[in-house]
Amino acid sequence: DFAEIDEHGQQSIAPTQRLHLMSDGDGQFPLSSLNTWERRVVAVELARPGAVGWYRNPPRGATDSLAIAYRNAKGNWASMYPDFVFFHEVNGVVKASIVDPHGHHLDDATIKLKALADFAESFGESFHRIEAVSSIPEAPHSMFVLDMTLQDVRDAVRSGTKPAIELYRSDLAIEFDEAGKHKHGRKRDGDVS
């Protein structure tokens with residue numbers, strides 16, 4: 001049952017998407033809990049060549065959650081839960097990508113970018129992509145990516161000299177819909193140009 005209640009109190013059928021790891025018997029997963037950014041991320045990722053699956057990571061600590069440990073602003077250990085893990089066939093091998101749409105305006109934006117950068121530094125070789133995604137006010141219909149597999153992106157994020165929004169406005173960010181087309185002229189293995 002994929003019923004949802006809209007803002008006017010009307011019941012309708014929630015939109016669904018294929019390939020989720022926890023799909024129903026027909027291979028569909030309801031998108032009712034996803035916001036507009038998250039739905040767009042799912043659509044773009046599943047349209048990429050080689051898409052074989054995806055997972056909506058629960059936003060809390062549980063046995064079915066991918067958690068990334070980091071030190072918060074007070075120096076205490078905390079966990080972040082990136083929104084998505086996508087799976088694509090890359091050069092004949094299925095590889096996972098972490099994609100986390102997270103508002104640059106949120107209080108935890110900068111510290112979570114640093115956590116993702118540190119995670120990518122330590123474990124990036126195990127993933128195809130590790131990306132933070134956000135929109136900026138001057139381009140509200142576009143989304144921008146900070147590719148944490150790139151050393152210069154990680155260095156800029158960890159330097160702490162710019163707020164998150166400035167990182168998404170910088171030349172370090174690429175447009176989300178432009179898979180593999182990096183402004184700085186580099187592509188990862190398996191990226192489509």
# chains A, B, ... in the order shown; residues from 1 in each chain; ligands from 1
>>> residues_around(residues="Gln151 in chain A", least_positions_apart="2", cutoff="12 Å", atoms="only C-alpha atoms", output="NGL selection string")
:A and (117-118 or 120-122 or 124 or 146-149 or 153-158 or 172 or 186)
>>> residues_around(residues="range 40-55 of chain A", least_positions_apart="6", cutoff="12 Å", atoms="only C-alpha atoms", output="MDAnalysis selection string")
chainID A and resid 15:23 27:31 34 64:66 82:102 129 131:135 141:145 175:180 190:193
>>> write_last_selection(atoms="C-alpha atoms", output="PDB file, in the first residue's frame")
ATOM      1  CA  PRO A  15       5.218   7.798  -6.534  1.00  0.00           C
ATOM      2  CA  THR A  16       7.536   4.811  -6.646  1.00  0.00           C
ATOM      3  CA  GLN A  17      10.961   4.014  -8.062  1.00  0.00           C
ATOM      4  CA  ARG A  18      12.599   0.789  -9.151  1.00  0.00           C
ATOM      5  CA  LEU A  19      15.847  -0.844  -8.018  1.00  0.00           C
ATOM      6  CA  HIS A  20      15.729  -0.029  -4.281  1.00  0.00           C
ATOM      7  CA  LEU A  21      17.355  -2.788  -2.243  1.00  0.00           C
ATOM      8  CA  MET A  22      14.161  -3.038  -0.133  1.00  0.00           C
ATOM      9  CA  SER A  23      11.652  -3.010  -3.014  1.00  0.00           C
ATOM     10  CA  GLY A  27      10.411  -4.121  -7.636  1.00  0.00           C
ATOM     11  CA  GLN A  28       9.022  -0.739  -6.547  1.00  0.00           C
ATOM     12  CA  PHE A  29       9.828   1.467  -3.551  1.00  0.00           C
ATOM     13  CA  PRO A  30       7.662   4.431  -2.400  1.00  0.00           C
ATOM     14  CA  LEU A  31       9.225   7.891  -2.588  1.00  0.00           C
ATOM     15  CA  LEU A  34      11.770  11.834   0.117  1.00  0.00           C
ATOM     16  CA  ASP A  64      20.526  -1.220   8.621  1.00  0.00           C
ATOM     17  CA  SER A  65      22.237   2.220   8.608  1.00  0.00           C
ATOM     18  CA  LEU A  66      25.545   3.314   7.126  1.00  0.00           C
ATOM     19  CA  PRO A  82      24.478   9.954   4.330  1.00  0.00           C
ATOM     20  CA  ASP A  83      21.124   9.884   2.552  1.00  0.00           C
ATOM     21  CA  PHE A  84      21.893   7.435  -0.236  1.00  0.00           C
ATOM     22  CA  VAL A  85      24.081   4.612  -1.445  1.00  0.00           C
ATOM     23  CA  PHE A  86      23.826   3.925  -5.192  1.00  0.00           C
ATOM     24  CA  PHE A  87      25.245   0.946  -7.036  1.00  0.00           C
ATOM     25  CA  HIS A  88      26.537   1.135 -10.614  1.00  0.00           C
ATOM     26  CA  GLU A  89      28.415  -1.263 -12.811  1.00  0.00           C
ATOM     27  CA  VAL A  90      31.755   0.392 -13.555  1.00  0.00           C
ATOM     28  CA  ASN A  91      34.166  -1.369 -15.905  1.00  0.00           C
ATOM     29  CA  GLY A  92      32.441  -4.701 -15.255  1.00  0.00           C
ATOM     30  CA  VAL A  93      32.392  -4.354 -11.446  1.00  0.00           C
ATOM     31  CA  VAL A  94      29.482  -3.189  -9.269  1.00  0.00           C
ATOM     32  CA  LYS A  95      30.677  -0.269  -7.126  1.00  0.00           C
ATOM     33  CA  ALA A  96      28.914   1.709  -4.424  1.00  0.00           C
ATOM     34  CA  SER A  97      28.656   5.505  -4.336  1.00  0.00           C
ATOM     35  CA  ILE A  98      27.648   7.633  -1.364  1.00  0.00           C
ATOM     36  CA  VAL A  99      25.546  10.634  -2.397  1.00  0.00           C
ATOM     37  CA  ASP A 100      24.384  12.996   0.341  1.00  0.00           C
ATOM     38  CA  PRO A 101      22.073  15.900  -0.513  1.00  0.00           C
ATOM     39  CA  HIS A 102      22.381  18.179   2.518  1.00  0.00           C
ATOM     40  CA  ARG A 129      31.973   8.213  -5.792  1.00  0.00           C
ATOM     41  CA  GLU A 131      29.574  13.235  -3.075  1.00  0.00           C
ATOM     42  CA  ALA A 132      27.871  15.998  -1.122  1.00  0.00           C
ATOM     43  CA  VAL A 133      25.053  17.723  -3.028  1.00  0.00           C
ATOM     44  CA  SER A 134      23.345  21.077  -2.437  1.00  0.00           C
ATOM     45  CA  SER A 135      21.534  23.881  -4.217  1.00  0.00           C
ATOM     46  CA  HIS A 141      16.952  24.883 -10.192  1.00  0.00           C
ATOM     47  CA  SER A 142      20.455  23.439 -10.222  1.00  0.00           C
ATOM     48  CA  MET A 143      22.250  21.261  -7.746  1.00  0.00           C
ATOM     49  CA  PHE A 144      25.996  21.238  -7.188  1.00  0.00           C
ATOM     50  CA  VAL A 145      28.347  18.470  -6.100  1.00  0.00           C
ATOM     51  CA  GLU A 175      26.733  20.590 -11.603  1.00  0.00           C
ATOM     52  CA  PHE A 176      24.985  17.487 -10.332  1.00  0.00           C
ATOM     53  CA  ASP A 177      23.326  16.563 -13.621  1.00  0.00           C
ATOM     54  CA  GLU A 178      26.615  16.696 -15.502  1.00  0.00           C
ATOM     55  CA  ALA A 179      27.969  13.261 -14.633  1.00  0.00           C
ATOM     56  CA  GLY A 180      31.724  13.121 -14.934  1.00  0.00           C
ATOM     57  CA  GLY A 190      33.950   4.772 -15.473  1.00  0.00           C
ATOM     58  CA  ASP A 191      32.593   8.330 -15.768  1.00  0.00           C
ATOM     59  CA  VAL A 192      30.645   9.073 -18.896  1.00  0.00           C
ATOM     60  CA  SER A 193      31.530  12.216 -20.801  1.00  0.00           C
TER      61      SER A 193
END
>>> select_by_dssp(residues="range 37-184 of chain A", states="alpha helix (DSSP H)", output="PyMOL selection string")
chain A and resi 37-47+109-123+151-159+164-169
>>> write_last_selection(atoms="N, CA and C atoms", output="compact mmCIF listing (two decimals), in the first residue's frame")
# COMPACT_ATOMS: atom_id res chain seq x y z
N TRP A 37 14.67 17.50 -3.37
CA TRP A 37 16.08 17.28 -3.69
C TRP A 37 16.38 15.79 -3.77
N GLU A 38 15.91 15.06 -2.76
CA GLU A 38 16.20 13.63 -2.70
C GLU A 38 15.60 12.89 -3.89
N ARG A 39 14.39 13.25 -4.28
CA ARG A 39 13.77 12.61 -5.45
C ARG A 39 14.57 12.90 -6.72
N ARG A 40 15.07 14.12 -6.81
CA ARG A 40 15.88 14.46 -7.98
C ARG A 40 17.18 13.67 -8.00
N VAL A 41 17.81 13.53 -6.85
CA VAL A 41 19.04 12.74 -6.76
C VAL A 41 18.78 11.31 -7.22
N VAL A 42 17.70 10.71 -6.75
CA VAL A 42 17.37 9.34 -7.14
C VAL A 42 17.17 9.26 -8.66
N ALA A 43 16.41 10.19 -9.23
CA ALA A 43 16.15 10.17 -10.67
C ALA A 43 17.44 10.29 -11.48
N VAL A 44 18.31 11.22 -11.09
CA VAL A 44 19.57 11.42 -11.82
C VAL A 44 20.47 10.20 -11.70
N GLU A 45 20.60 9.68 -10.49
CA GLU A 45 21.49 8.53 -10.28
C GLU A 45 21.01 7.29 -11.03
N LEU A 46 19.71 7.05 -11.04
CA LEU A 46 19.21 5.86 -11.72
C LEU A 46 19.22 6.02 -13.24
N ALA A 47 19.34 7.25 -13.72
CA ALA A 47 19.46 7.48 -15.16
C ALA A 47 20.90 7.32 -15.65
N ALA A 109 26.13 21.73 8.43
CA ALA A 109 26.60 21.53 7.06
C ALA A 109 28.12 21.43 6.96
N THR A 110 28.84 22.37 7.53
CA THR A 110 30.29 22.39 7.40
C THR A 110 30.94 21.20 8.11
N ILE A 111 30.49 20.90 9.31
CA ILE A 111 31.09 19.80 10.06
C ILE A 111 30.80 18.46 9.38
N LYS A 112 29.63 18.32 8.76
CA LYS A 112 29.31 17.07 8.07
C LYS A 112 30.08 16.96 6.75
N LEU A 113 30.34 18.08 6.10
CA LEU A 113 31.21 18.04 4.92
C LEU A 113 32.60 17.56 5.31
N LYS A 114 33.11 18.06 6.43
CA LYS A 114 34.43 17.62 6.91
C LYS A 114 34.41 16.13 7.24
N ALA A 115 33.33 15.66 7.84
CA ALA A 115 33.22 14.23 8.16
C ALA A 115 33.25 13.40 6.88
N LEU A 116 32.54 13.85 5.86
CA LEU A 116 32.51 13.12 4.59
C LEU A 116 33.89 13.17 3.92
N ALA A 117 34.58 14.31 4.02
CA ALA A 117 35.93 14.42 3.46
C ALA A 117 36.90 13.48 4.17
N ASP A 118 36.83 13.42 5.48
CA ASP A 118 37.70 12.51 6.24
C ASP A 118 37.40 11.05 5.90
N PHE A 119 36.12 10.73 5.78
CA PHE A 119 35.72 9.37 5.42
C PHE A 119 36.28 9.01 4.04
N ALA A 120 36.15 9.94 3.09
CA ALA A 120 36.65 9.70 1.74
C ALA A 120 38.16 9.53 1.73
N GLU A 121 38.85 10.29 2.56
CA GLU A 121 40.32 10.15 2.65
C GLU A 121 40.69 8.74 3.10
N SER A 122 39.96 8.22 4.07
CA SER A 122 40.28 6.90 4.63
C SER A 122 39.73 5.73 3.82
N PHE A 123 38.55 5.90 3.23
CA PHE A 123 37.88 4.76 2.61
C PHE A 123 37.47 4.99 1.16
N GLN A 151 41.30 15.14 -4.02
CA GLN A 151 42.12 15.67 -2.92
C GLN A 151 41.91 17.16 -2.71
N ASP A 152 41.85 17.96 -3.80
CA ASP A 152 41.72 19.40 -3.61
C ASP A 152 40.37 19.77 -3.00
N VAL A 153 39.33 18.99 -3.29
CA VAL A 153 38.03 19.23 -2.66
C VAL A 153 38.11 18.92 -1.17
N ARG A 154 38.68 17.77 -0.84
CA ARG A 154 38.83 17.41 0.58
C ARG A 154 39.65 18.45 1.33
N ASP A 155 40.74 18.91 0.73
CA ASP A 155 41.60 19.91 1.38
C ASP A 155 40.83 21.20 1.65
N ALA A 156 40.07 21.66 0.66
CA ALA A 156 39.30 22.90 0.82
C ALA A 156 38.23 22.75 1.90
N VAL A 157 37.57 21.62 1.91
CA VAL A 157 36.53 21.37 2.92
C VAL A 157 37.15 21.35 4.31
N ARG A 158 38.26 20.64 4.46
CA ARG A 158 38.87 20.48 5.78
C ARG A 158 39.60 21.73 6.26
N SER A 159 39.93 22.64 5.35
CA SER A 159 40.63 23.86 5.77
C SER A 159 39.75 24.71 6.68
N ALA A 164 29.97 26.36 4.02
CA ALA A 164 29.56 25.36 3.04
C ALA A 164 29.05 25.99 1.75
N ILE A 165 28.25 27.03 1.83
CA ILE A 165 27.69 27.63 0.62
C ILE A 165 28.79 28.12 -0.32
N GLU A 166 29.88 28.66 0.23
CA GLU A 166 30.97 29.16 -0.61
C GLU A 166 31.69 28.01 -1.32
N LEU A 167 31.76 26.87 -0.70
CA LEU A 167 32.35 25.70 -1.36
C LEU A 167 31.50 25.28 -2.55
N TYR A 168 30.17 25.30 -2.39
CA TYR A 168 29.28 24.93 -3.50
C TYR A 168 29.29 25.98 -4.60
N ARG A 169 29.62 27.22 -4.28
CA ARG A 169 29.72 28.28 -5.29
C ARG A 169 31.07 28.29 -5.99
>>> atom_distance(atom1="CA of Met80 in chain A", atom2="CA of Asp171 in chain A")
25.9 Å
